[in-house]
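Below is final.txt, which holds compact mmCIF, C-alpha atoms.
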```
# COMPACT_ATOMS: atom_id res chain seq x y z
CA MET A 97 -274.38 -50.56 118.91
CA SER A 98 -276.19 -47.30 118.21
CA VAL A 99 -275.98 -45.41 114.92
CA GLU A 100 -274.05 -42.63 116.71
CA GLU A 101 -271.51 -45.12 118.10
CA PHE A 102 -271.14 -46.58 114.61
CA LEU A 103 -270.47 -43.14 113.12
CA LYS A 104 -267.84 -42.42 115.79
CA LEU A 105 -265.77 -45.29 114.39
CA PHE A 106 -265.23 -43.10 111.31
CA GLY A 107 -264.53 -39.93 113.30
CA ILE A 108 -268.03 -38.59 112.59
CA LYS A 109 -269.93 -36.89 115.40
CA ARG A 110 -273.57 -36.61 114.41
CA LYS A 111 -276.92 -37.36 115.96
CA ILE A 112 -279.57 -39.02 113.82
CA GLU A 113 -283.17 -39.56 114.86
CA THR A 114 -283.80 -43.18 113.92
CA GLN A 115 -286.49 -45.75 114.54
CA LEU A 116 -285.94 -49.48 114.84
CA VAL A 117 -288.13 -51.36 112.36
CA SER A 118 -287.68 -55.11 112.06
CA ARG A 119 -283.95 -55.19 113.02
CA SER A 120 -283.02 -52.17 110.88
CA TYR A 121 -282.73 -48.47 111.69
CA PHE A 122 -284.75 -46.02 109.61
CA ILE A 123 -285.41 -42.32 109.39
CA VAL A 124 -289.16 -42.76 109.32
CA LYS A 125 -291.05 -40.15 107.32
CA ASP A 126 -294.56 -41.32 108.03
CA ARG A 127 -294.90 -42.51 111.63
CA GLN A 128 -298.60 -43.42 111.26
CA PHE A 129 -297.64 -46.86 109.88
CA LEU A 130 -295.26 -47.87 112.66
CA GLY A 131 -298.01 -49.46 114.74
CA LYS A 132 -299.01 -51.70 111.83
CA ASN A 133 -295.80 -53.77 111.84
CA PRO A 134 -294.08 -52.72 108.63
CA VAL A 135 -290.86 -54.48 107.60
CA TYR A 136 -289.41 -51.33 106.00
CA SER A 137 -290.31 -47.67 106.40
CA GLY A 138 -288.65 -44.54 105.04
CA GLU A 139 -284.91 -44.05 104.66
CA CYS A 140 -282.94 -47.12 105.66
CA ILE A 141 -279.85 -46.24 107.69
CA ALA A 142 -278.41 -49.50 108.92
CA HIS A 143 -279.13 -53.12 109.73
CA ILE A 144 -278.29 -54.87 112.98
CA ARG A 145 -276.01 -57.82 112.35
CA GLY A 146 -274.95 -59.48 115.58
CA PRO A 147 -273.00 -56.97 117.66
CA VAL A 148 -272.34 -54.58 114.74
CA LEU A 149 -274.26 -52.40 112.29
CA ILE A 150 -274.25 -52.77 108.52
CA PRO A 151 -274.92 -49.44 106.76
CA SER A 152 -277.46 -49.10 103.96
CA THR A 153 -276.14 -48.24 100.50
CA THR A 154 -277.34 -44.64 100.79
CA PHE A 155 -276.04 -44.13 104.33
CA LEU A 156 -272.69 -45.58 103.32
CA GLN A 157 -272.35 -42.77 100.78
CA GLN A 158 -272.90 -40.19 103.53
CA ILE A 159 -270.25 -41.90 105.65
CA GLY A 160 -267.92 -41.92 102.64
CA LYS A 161 -268.22 -38.14 102.36
CA GLU A 162 -267.78 -37.40 106.06
CA ALA A 163 -265.26 -39.98 107.26
CA ARG A 164 -261.90 -38.72 108.49
CA LYS A 165 -259.74 -41.22 106.61
CA HIS A 166 -260.05 -42.74 103.16
CA VAL A 167 -258.26 -44.65 100.44
CA ILE A 168 -259.11 -44.49 96.76
CA LEU A 169 -258.79 -47.70 94.76
CA ASN A 170 -257.82 -48.26 91.14
CA PRO A 171 -260.49 -49.96 88.96
CA LYS A 172 -259.03 -53.48 89.25
CA ALA A 173 -258.83 -53.33 93.03
CA GLU A 174 -262.37 -51.86 93.06
CA TRP A 175 -263.74 -54.97 91.38
CA LEU A 176 -261.87 -57.29 93.76
CA TYR A 177 -263.00 -55.24 96.74
CA ILE A 178 -266.72 -55.38 95.93
CA CYS A 179 -266.29 -59.16 95.55
CA GLY A 180 -265.28 -59.24 99.21
CA ARG A 181 -261.45 -59.12 99.00
CA ASP A 182 -259.02 -57.18 101.19
CA VAL A 183 -256.92 -54.35 99.75
CA PHE A 184 -253.21 -54.51 98.87
CA ALA A 185 -251.05 -51.39 98.50
CA LYS A 186 -250.75 -51.81 94.72
CA GLY A 187 -254.55 -51.41 94.42
CA ILE A 188 -254.54 -47.98 96.09
CA ALA A 189 -254.46 -44.98 93.76
CA SER A 190 -254.38 -42.36 96.54
CA HIS A 191 -255.13 -41.82 100.24
CA ASN A 192 -255.16 -39.13 102.93
CA ASN A 193 -252.52 -40.66 105.20
CA PRO A 194 -254.47 -42.96 107.50
CA ALA A 195 -252.45 -44.50 110.34
CA LEU A 196 -252.16 -48.13 111.33
CA GLY A 197 -255.34 -49.22 113.10
CA ASP A 198 -257.47 -46.45 111.58
CA ARG A 199 -260.97 -47.23 110.32
CA VAL A 200 -260.91 -46.07 106.67
CA VAL A 201 -263.59 -45.75 104.04
CA VAL A 202 -262.78 -47.26 100.67
CA LEU A 203 -263.68 -45.12 97.65
CA ASN A 204 -263.49 -45.65 93.91
CA GLN A 205 -262.20 -43.14 91.38
CA HIS A 206 -265.65 -41.49 91.25
CA LYS A 207 -265.33 -40.92 95.04
CA GLU A 208 -268.22 -43.32 95.65
CA CYS A 209 -267.96 -45.27 98.86
CA LEU A 210 -267.52 -49.01 98.28
CA GLY A 211 -267.18 -49.98 101.92
CA TYR A 212 -264.72 -49.72 104.77
CA GLY A 213 -262.00 -51.57 106.58
CA ASP A 214 -259.13 -51.24 109.04
CA MET A 215 -255.61 -50.29 108.11
CA THR A 216 -253.44 -53.25 109.08
CA ALA A 217 -250.07 -52.54 107.41
CA PRO A 218 -248.17 -49.54 106.02
CA PHE A 219 -248.62 -48.62 102.34
CA THR A 220 -245.04 -49.74 101.66
CA ASP A 221 -245.93 -53.30 102.67
CA THR A 222 -246.73 -56.15 100.28
CA ARG A 223 -249.24 -57.65 102.73
CA VAL A 224 -252.92 -56.68 103.03
CA VAL A 225 -253.01 -53.02 104.02
CA ILE A 226 -256.80 -52.60 104.38
CA LYS A 227 -258.62 -55.47 106.01
CA ARG A 228 -262.11 -55.38 104.54
CA LEU A 229 -264.94 -55.15 107.06
CA PHE A 230 -267.82 -54.29 104.74
CA ASP A 231 -268.37 -53.69 101.02
CA ILE A 232 -271.38 -52.92 98.85
CA GLY A 233 -271.33 -56.44 97.36
CA ASP A 234 -272.67 -57.55 100.75
CA LEU A 235 -276.12 -56.58 99.45
CA LEU A 236 -276.02 -59.31 96.80
CA ARG A 237 -274.38 -61.87 99.06
CA ARG A 238 -277.09 -61.20 101.66
CA GLU A 239 -279.83 -61.82 99.10
CA ARG A 240 -278.13 -64.94 97.67
CA LYS A 241 -277.67 -66.36 101.16
CA THR A 242 -281.40 -65.92 101.82
CA ARG A 243 -282.19 -67.63 98.53
CA LYS A 244 -279.82 -70.54 99.34
CA VAL A 245 -281.32 -71.05 102.79
CA ARG A 246 -284.78 -71.02 101.21
CA ASN A 247 -283.80 -73.62 98.59
CA GLN A 248 -282.36 -75.87 101.27
CA SER A 249 -285.43 -75.69 103.47
CA MET B 305 -302.92 -84.27 80.45
CA VAL B 306 -305.14 -82.61 77.84
CA ASN B 307 -305.10 -79.00 79.01
CA ALA B 308 -301.33 -78.54 78.96
CA GLY B 309 -298.26 -78.84 76.75
CA LYS B 310 -296.90 -76.78 73.88
CA GLU B 311 -299.41 -78.09 71.32
CA PHE B 312 -302.34 -77.20 73.59
CA PHE B 313 -301.09 -73.66 74.08
CA ARG B 314 -300.15 -73.28 70.40
CA LYS B 315 -303.73 -74.04 69.33
CA ARG B 316 -305.09 -71.84 72.08
CA TYR B 317 -302.97 -68.84 71.06
CA GLU B 318 -303.81 -69.29 67.39
CA ALA B 319 -307.50 -69.21 68.27
CA LEU B 320 -306.81 -65.86 69.96
CA GLY B 321 -304.92 -64.46 66.98
CA GLY B 322 -301.46 -65.08 68.40
CA GLN B 323 -298.66 -67.57 67.99
CA ILE B 324 -295.63 -69.00 69.77
CA GLU B 325 -292.27 -67.59 68.79
CA GLU B 326 -289.06 -67.94 70.76
CA ILE B 327 -287.44 -64.52 70.65
CA PRO B 328 -283.80 -63.94 71.66
CA HIS B 329 -283.29 -62.63 75.18
CA ILE B 330 -282.42 -58.94 75.22
CA THR B 331 -281.05 -57.44 78.43
CA THR B 332 -282.77 -54.19 79.32
CA LEU B 333 -282.38 -51.76 82.18
CA ARG B 334 -284.21 -48.81 83.64
CA VAL B 335 -282.18 -45.83 84.81
CA ASN B 336 -282.89 -45.09 88.45
CA THR B 337 -283.37 -41.34 88.29
CA LEU B 338 -283.41 -41.13 92.09
CA LYS B 339 -279.66 -41.64 91.96
CA ILE B 340 -278.30 -40.68 88.54
CA THR B 341 -279.32 -39.08 85.25
CA ALA B 342 -279.61 -41.18 82.11
CA LYS B 343 -276.81 -39.16 80.49
CA GLU B 344 -274.41 -39.79 83.38
CA LEU B 345 -275.19 -43.51 83.54
CA VAL B 346 -274.88 -44.02 79.78
CA GLU B 347 -271.48 -42.29 79.79
CA ARG B 348 -270.24 -44.42 82.68
CA LEU B 349 -271.42 -47.71 81.26
CA GLU B 350 -270.11 -46.90 77.78
CA LYS B 351 -266.68 -46.30 79.30
CA LEU B 352 -266.87 -49.86 80.63
CA GLY B 353 -267.57 -51.13 77.10
CA VAL B 354 -271.33 -51.58 77.47
CA LYS B 355 -273.42 -50.73 74.41
CA LEU B 356 -276.71 -49.04 75.24
CA GLU B 357 -279.65 -48.13 73.08
CA ARG B 358 -282.63 -46.11 74.22
CA ILE B 359 -285.99 -47.91 74.14
CA PRO B 360 -288.14 -45.24 72.48
CA PHE B 361 -291.51 -46.00 74.11
CA THR B 362 -290.18 -46.06 77.69
CA LYS B 363 -289.19 -43.11 79.82
CA ASN B 364 -285.86 -44.41 81.12
CA GLY B 365 -285.36 -47.79 79.46
CA TYR B 366 -282.29 -48.97 77.51
CA THR B 367 -281.32 -52.20 75.81
CA VAL B 368 -277.81 -53.22 76.77
CA GLN B 369 -275.10 -55.42 75.31
CA SER B 370 -272.28 -56.29 77.64
CA LYS B 371 -269.50 -58.85 77.82
CA PHE B 372 -269.88 -59.07 81.59
CA SER B 373 -272.81 -59.42 83.97
CA LEU B 374 -274.52 -56.13 84.73
CA GLY B 375 -276.01 -57.54 87.91
CA ALA B 376 -272.93 -57.23 90.14
CA ILE B 377 -270.88 -54.16 89.16
CA THR B 378 -270.47 -51.02 91.27
CA GLU B 379 -273.05 -49.03 89.29
CA TYR B 380 -275.64 -51.75 89.90
CA LEU B 381 -274.82 -52.13 93.59
CA LEU B 382 -275.10 -48.36 94.06
CA GLY B 383 -278.60 -48.52 92.59
CA TYR B 384 -277.97 -46.49 89.44
CA TYR B 385 -280.15 -48.85 87.40
CA TYR B 386 -282.57 -51.74 87.67
CA LEU B 387 -282.42 -54.68 85.26
CA GLN B 388 -286.02 -54.68 84.10
CA GLU B 389 -287.69 -56.15 81.05
CA THR B 390 -289.12 -53.64 78.56
CA ALA B 391 -292.79 -54.54 78.93
CA SER B 392 -292.41 -54.67 82.69
CA GLN B 393 -291.43 -50.98 82.70
CA LEU B 394 -294.74 -49.93 81.16
CA PRO B 395 -297.42 -50.44 83.87
CA VAL B 396 -295.88 -47.75 86.09
CA GLU B 397 -295.67 -45.37 83.14
CA VAL B 398 -299.37 -45.98 82.54
CA LEU B 399 -300.13 -45.44 86.25
CA ASP B 400 -298.08 -42.21 86.13
CA PRO B 401 -297.74 -41.64 89.91
CA LYS B 402 -297.06 -38.05 91.01
CA PRO B 403 -295.06 -36.69 93.96
CA THR B 404 -298.26 -35.71 95.80
CA ASP B 405 -299.99 -39.08 95.41
CA ILE B 406 -300.72 -41.82 97.94
CA VAL B 407 -299.91 -45.00 96.05
CA LEU B 408 -300.35 -48.71 96.75
CA ASP B 409 -298.17 -51.35 95.11
CA ALA B 410 -300.22 -54.42 95.91
CA CYS B 411 -297.90 -57.30 94.94
CA ALA B 412 -294.55 -55.58 95.13
CA ALA B 413 -291.70 -58.13 95.19
CA PRO B 414 -289.04 -58.14 93.85
CA GLY B 415 -289.41 -54.36 93.70
CA GLY B 416 -288.71 -53.32 90.10
CA LYS B 417 -292.00 -51.49 89.81
CA THR B 418 -291.94 -50.30 93.44
CA THR B 419 -288.63 -48.52 92.89
CA GLN B 420 -289.91 -47.21 89.56
CA ILE B 421 -292.97 -45.74 91.30
CA ALA B 422 -290.71 -44.11 93.93
CA ALA B 423 -288.64 -42.58 91.13
CA HIS B 424 -291.77 -41.21 89.41
CA MET B 425 -292.82 -39.72 92.76
CA LYS B 426 -289.34 -38.22 93.24
CA ASN B 427 -289.27 -39.91 96.66
CA GLN B 428 -292.18 -37.73 97.80
CA GLY B 429 -295.78 -38.57 98.63
CA THR B 430 -296.58 -41.92 100.20
CA LEU B 431 -295.88 -45.31 98.69
CA ILE B 432 -297.17 -48.41 100.45
CA ALA B 433 -295.94 -51.79 99.21
CA TYR B 434 -297.36 -55.19 100.10
CA ASP B 435 -296.13 -58.68 99.39
CA LEU B 436 -297.49 -61.77 101.00
CA LYS B 437 -294.69 -64.26 100.44
CA GLU B 438 -291.97 -64.27 103.06
CA HIS B 439 -289.31 -65.61 100.69
CA ARG B 440 -289.88 -62.70 98.29
CA ILE B 441 -289.42 -60.00 100.93
CA PRO B 442 -285.55 -59.96 101.11
CA SER B 443 -285.15 -59.13 97.41
CA LEU B 444 -287.88 -56.48 97.67
CA LEU B 445 -286.15 -54.80 100.62
CA MET B 446 -282.73 -55.15 99.02
CA ASN B 447 -283.92 -53.42 95.85
CA ILE B 448 -285.71 -50.62 97.71
CA GLU B 449 -282.57 -49.99 99.76
CA ARG B 450 -280.23 -50.23 96.76
CA CYS B 451 -282.33 -47.86 94.67
CA GLY B 452 -282.66 -45.36 97.52
CA ALA B 453 -286.46 -45.23 97.71
CA THR B 454 -287.24 -43.33 100.92
CA ASN B 455 -290.98 -42.66 100.56
CA THR B 456 -291.82 -46.35 100.85
CA THR B 457 -293.30 -48.44 103.66
CA VAL B 458 -293.41 -52.21 103.16
CA PHE B 459 -295.73 -54.73 104.77
CA GLN B 460 -295.32 -58.47 104.53
CA ASP B 461 -298.99 -59.28 104.20
CA HIS B 462 -301.88 -59.76 101.81
CA ALA B 463 -302.82 -56.54 100.02
CA ALA B 464 -306.36 -57.02 101.34
CA ARG B 465 -304.99 -55.92 104.73
CA ALA B 466 -304.38 -52.44 103.30
CA VAL B 467 -307.94 -51.69 104.40
CA LYS B 468 -306.61 -51.65 107.99
CA LEU B 469 -304.45 -48.63 107.16
CA LYS B 470 -307.67 -46.62 106.74
CA ILE B 471 -306.30 -44.92 103.65
CA GLN B 472 -307.99 -44.32 100.34
CA PHE B 473 -305.29 -44.50 97.69
CA ASP B 474 -305.01 -42.12 94.74
CA LYS B 475 -303.34 -44.76 92.60
CA ILE B 476 -302.86 -48.51 92.82
CA LEU B 477 -300.62 -50.83 90.88
CA LEU B 478 -301.87 -54.40 90.85
CA ASP B 479 -299.16 -56.32 89.05
CA ALA B 480 -300.84 -59.58 89.87
CA PRO B 481 -299.10 -62.91 90.46
CA CYS B 482 -299.79 -64.92 87.32
CA ALA B 483 -298.91 -68.00 85.30
CA GLY B 484 -296.20 -66.04 83.46
CA ASN B 485 -295.51 -66.77 79.82
CA TYR B 486 -293.35 -69.15 77.83
CA LEU B 487 -290.47 -66.66 77.64
CA THR B 488 -290.17 -66.26 81.41
CA GLU B 489 -289.33 -69.83 82.33
CA ALA B 490 -287.67 -72.84 80.69
CA GLY B 491 -290.17 -75.67 80.22
CA TRP B 492 -293.11 -73.31 80.78
CA PHE B 493 -295.46 -75.30 78.51
CA GLU B 494 -294.97 -78.47 80.54
CA LYS B 495 -295.41 -76.74 83.89
CA ARG B 496 -298.71 -74.93 83.25
CA THR B 497 -302.22 -76.30 82.94
CA LEU B 498 -305.53 -74.64 82.24
CA GLU B 499 -306.68 -75.66 85.72
CA GLY B 500 -303.70 -73.87 87.29
CA ILE B 501 -304.44 -70.78 85.21
CA GLN B 502 -308.05 -70.79 86.40
CA ILE B 503 -306.95 -70.98 90.03
CA SER B 504 -304.61 -68.07 89.39
CA SER B 505 -307.49 -66.15 87.79
CA GLU B 506 -309.62 -66.56 90.92
CA ILE B 507 -306.79 -65.18 93.09
CA GLN B 508 -306.49 -62.20 90.74
CA LYS B 509 -310.22 -61.47 90.97
CA ARG B 510 -309.98 -61.44 94.78
CA LEU B 511 -307.01 -59.08 94.53
CA LEU B 512 -308.95 -56.79 92.20
CA GLU B 513 -311.89 -56.74 94.59
CA ASP B 514 -309.64 -56.10 97.62
CA THR B 515 -307.65 -53.31 96.02
CA ILE B 516 -310.61 -51.50 94.46
CA ARG B 517 -312.02 -51.31 98.00
CA VAL B 518 -309.10 -49.09 99.12
CA LEU B 519 -308.97 -46.98 95.94
CA LYS B 520 -310.54 -43.57 96.33
CA GLN B 521 -313.40 -42.56 94.07
CA GLY B 522 -311.92 -41.22 90.85
CA GLY B 523 -308.64 -42.95 91.65
CA THR B 524 -306.73 -45.05 89.11
CA LEU B 525 -305.82 -48.73 89.29
CA VAL B 526 -303.48 -50.29 86.76
CA TYR B 527 -303.80 -54.05 86.48
CA SER B 528 -301.02 -55.95 84.76
CA THR B 529 -299.79 -59.50 84.29
CA CYS B 530 -296.98 -61.09 82.30
CA SER B 531 -299.46 -63.72 81.15
CA LEU B 532 -300.94 -64.34 77.71
CA GLU B 533 -303.91 -66.26 79.08
CA PRO B 534 -307.29 -64.52 78.65
CA GLU B 535 -308.52 -65.95 81.99
CA GLU B 536 -305.88 -63.82 83.72
CA ASN B 537 -306.40 -60.79 81.50
CA GLU B 538 -309.45 -59.84 79.42
CA LEU B 539 -311.82 -62.24 81.21
CA ASN B 540 -310.77 -60.83 84.59
CA ILE B 541 -311.36 -57.32 83.31
CA GLN B 542 -314.81 -58.35 82.07
CA TRP B 543 -315.47 -59.73 85.56
CA ALA B 544 -314.31 -56.43 87.10
CA LEU B 545 -316.60 -54.40 84.82
CA ASP B 546 -319.51 -56.66 85.76
CA ASN B 547 -318.87 -56.74 89.52
CA LEU B 548 -316.88 -53.71 90.65
CA PRO B 549 -317.51 -49.94 90.49
CA VAL B 550 -314.95 -49.33 87.74
CA LYS B 551 -314.71 -48.17 84.18
CA LEU B 552 -311.84 -48.63 81.78
CA GLU B 553 -309.60 -45.91 80.47
CA LYS B 554 -307.41 -46.13 77.41
CA VAL B 555 -303.90 -47.47 77.96
CA SER B 556 -302.08 -44.92 75.85
CA LEU B 557 -299.10 -46.89 74.60
CA GLU B 558 -297.80 -47.15 71.07
CA MET B 559 -296.77 -50.69 71.84
CA GLY B 560 -298.94 -53.80 71.94
CA GLU B 561 -302.42 -54.43 70.62
CA PRO B 562 -305.91 -53.67 71.89
CA GLY B 563 -307.28 -56.14 74.45
CA LEU B 564 -309.29 -58.97 72.92
CA THR B 565 -313.05 -58.41 72.85
CA GLU B 566 -313.96 -61.88 71.67
CA ILE B 567 -312.52 -64.90 73.46
CA PHE B 568 -313.19 -68.36 72.01
CA GLY B 569 -316.49 -67.13 70.54
CA LYS B 570 -317.61 -65.24 73.65
CA LYS B 571 -318.14 -61.52 73.11
CA LEU B 572 -316.80 -59.21 75.83
CA ASN B 573 -317.41 -55.57 76.69
CA PRO B 574 -316.02 -53.57 73.74
CA ASP B 575 -314.23 -51.21 76.18
CA ILE B 576 -311.75 -54.03 76.83
CA ALA B 577 -310.13 -52.96 73.57
CA LEU B 578 -308.83 -49.98 75.62
CA CYS B 579 -306.44 -52.42 77.37
CA ARG B 580 -303.13 -53.45 75.85
CA ARG B 581 -301.96 -57.00 75.08
CA PHE B 582 -298.36 -57.82 74.18
CA TRP B 583 -297.79 -60.84 71.99
CA PRO B 584 -294.04 -61.62 72.09
CA HIS B 585 -293.84 -62.39 68.37
CA LYS B 586 -295.10 -58.87 67.63
CA THR B 587 -293.60 -56.71 70.39
CA LYS B 588 -290.33 -58.70 70.79
CA THR B 589 -290.85 -58.42 74.55
CA GLU B 590 -292.26 -60.75 77.16
CA GLY B 591 -295.94 -61.51 76.94
CA PHE B 592 -297.82 -58.84 78.88
CA PHE B 593 -301.21 -57.31 79.53
CA ILE B 594 -302.11 -53.88 80.95
CA ALA B 595 -305.52 -52.48 81.91
CA LYS B 596 -306.25 -49.05 83.39
CA MET B 597 -309.36 -48.61 85.53
CA VAL B 598 -310.93 -45.68 87.30
CA LYS B 599 -313.17 -46.15 90.34
CA GLN B 600 -316.62 -44.65 89.94
```

Show me the file's structure as structure tokens.
Amino acid sequence: MSVEEFLKLFGIKRKIETQLVSRSYFIVKDRQFLGKNPVYSGECIAHIRGPVLIPSTTFLQQIGKEARKHVILNPKAEWLYICGRDVFAKGIASHNNPALGDRVVVLNQHKECLGYGDMTAPFTDTRVVIKRLFDIGDLLRRERKTRKVRNQS
Amino acid sequence: MVNAGKEFFRKRYEALGGQIEEIPHITTLRVNTLKITAKELVERLEKLGVKLERIPFTKNGYTVQSKFSLGAITEYLLGYYYLQETASQLPVEVLDPKPTDIVLDACAAPGGKTTQIAAHMKNQGTLIAYDLKEHRIPSLLMNIERCGATNTTVFQDHAARAVKLKIQFDKILLDAPCAGNYLTEAGWFEKRTLEGIQISSEIQKRLLEDTIRVLKQGGTLVYSTCSLEPEENELNIQWALDNLPVKLEKVSLEMGEPGLTEIFGKKLNPDIALCRRFWPHKTKTEGFFIAKMVKQ
């Protein structure tokens, strides 16, 4: 998946000049180092994870500002969400009328983007309404997983 | 084993004018000014019930008291702050990197000082970070990404390889891998030996030699460790003065004490007093050592 295809999922049409460095996309500021095999260079945009992309923390904030559809969580649901949980209707403080099946960004009360998911049920439902696909807590879980694998090896 | 254990280190520190004192752990953070102002962050955290107090001799440091972990909340994940020990915030302040500088962070993981350098540089200039150990790279990259440093290029390699970049750096931070100190690790006294410290000292000398090679003439290198052992600090600096084209500059900090100029009866270059040594029982921080050198 390209960065442009990823952005389209949120209704964003934008072209970004990126460079693949060690399984992550970057906006590289200083191209002179690319031939020396860096593992990170410039502004990180997204990481390749299997068939999908995982946005960087900074890029996620840009997506949060530009995405077509959003929900805003209350503080309790925010905490649960960044721990990797799905969203129930009672945790949503406001939204801009996403439809079933829409890809929505999940914001907190400061309008900071916490992640995104798919709308799976109407807001009147007691079931999960936003199925979590990615949240910012992934950063810590990613690091802990690496540490665990290291300790086991 | 003779050269190890709490009693061995207690006698050793007393001979150097220090002592062993367990000080209570204080959580401290550094505001990441690439993403938020100190005022904004303090307001947000105070609303969550966190008590913050400015650390006067740091630029963006605060002590924090919180009933919950500050290492997993939204503000942390968005990179608004870095949990960083007080003394550990000081080497970068001594280095004082500017937005126009080309800077090398020679032993960068886990990235506290790397992201601090990027913040000082306002994400401008060029920051090159090296770390050799593969297992330390994920946390380095995670922290650079989280804190939004965009002027940084990272290599998983020995800092000696920086010579291949064909760059002469304006400033270098060599926060060298070291034995640590008794506040950094439970059971520290039982895990360290004088022999291990001497091995570590040799590695540090090689790192000094390698990094001075890529420092431009008139450029600044800040050498720091979180060790209290003279072999990793003053004696290494003496070695650098004897073998490398450097001179010392004063580490202008109100905190800490002058570097030792007499170690176990051996007199060192008096300029070593321009360095700064942090005894935990006096500074109430981790043990630390900072030297500032200029290439001649």

Identify every residue of chain A that has at least one atom within 7 Å of any atom of chain B, counting only C-alpha atoms, and report the result as a ChimeraX atom specification. /A:134-140,152-154,232-233,235,239

Restricting the calculation to all atoms listed in the file, which member of A:Asp214, A:Ile150, A:Glu162, A:Glu174 is positioned closest to Arg238 of chain A?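 Looking at the shortest contact to Arg238 of chain A, the residue is A:Ile150.
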
One decimal, in Å: what's the spacing between atom CA of Arg334 of chain B and atom CA of Ser556 of chain B? 19.9 Å

Separation of atom CA of Pro403 of chain B from atom CA of Ile516 of chain B in Å: 21.5 Å

Pick from B:Ser370, B:Thr529, B:Ser392, B:Leu436, whichever lies nearest to Ala412 of chain B using all atoms listed in the file: B:Leu436

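Interatomic distance, atom CA of Trp583 of chain B against atom CA of Gly416 of chain B: 21.6 Å.
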
For Ile507 of chain B, which of B:Met559, B:Val550, B:Ala480, B:Ala466 is the closest residue, counting only C-alpha atoms? B:Ala480

Radius query 9 Å about (-302.4, -48.9, 112.2), atoms used: only C-alpha atoms, as a compact mmCIF listing (two decimals) with C-alpha atoms, in the frame of the given file:
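Produced file point26.txt, reproduced below:
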```
# COMPACT_ATOMS: atom_id res chain seq x y z
CA GLN A 128 -298.60 -43.42 111.26
CA PHE A 129 -297.64 -46.86 109.88
CA LEU A 130 -295.26 -47.87 112.66
CA GLY A 131 -298.01 -49.46 114.74
CA LYS A 132 -299.01 -51.70 111.83
CA ASN A 133 -295.80 -53.77 111.84
CA LYS B 468 -306.61 -51.65 107.99
CA LEU B 469 -304.45 -48.63 107.16
CA LYS B 470 -307.67 -46.62 106.74
```

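Applying the 12 Å criterion to (-254.9, -57.2, 99.1) in file coordinates and using only C-alpha atoms, one obtains the residues Leu169, Lys172, Ala173, Glu174, Trp175, Leu176, Tyr177, Gly180, Arg181, Asp182, Val183, Phe184, Ala185, Lys186, Gly187, Ile188, Gly213, Met215, Thr216, Ala217, Phe219, Asp221, Thr222, Arg223, Val224, Val225, Ile226, Lys227 and Arg228 of chain A.
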
I need the residue nearest Met97 of chain A from this list: A:Leu210, A:Val202, A:Ala142, A:Leu229. Use only C-alpha atoms for the distance.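 So, comparing all the options, the nearest one is A:Ala142.
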
Can you pull out every residue within 12 Å of Pro147 of chain A, counting all atoms listed in the file, but drop anything in the same chain fewer than 3 positions away, and send it as a ChimeraX atom specification? /A:97-98,101-102,143-144,150

Closest to Lys509 of chain B among B:Lys495, B:Leu572, B:Gly484, B:Asp546, using all atoms listed in the file?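 Looking only at the distances to Lys509 of chain B, the closest residue turns out to be B:Asp546.
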
Which residue gives the smallest distance to Asp479 of chain B among B:Lys402, B:Lys343, B:Lys520, B:Lys596, with only C-alpha atoms counted?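 Of all the options, B:Lys596 lies closest to Asp479 of chain B.
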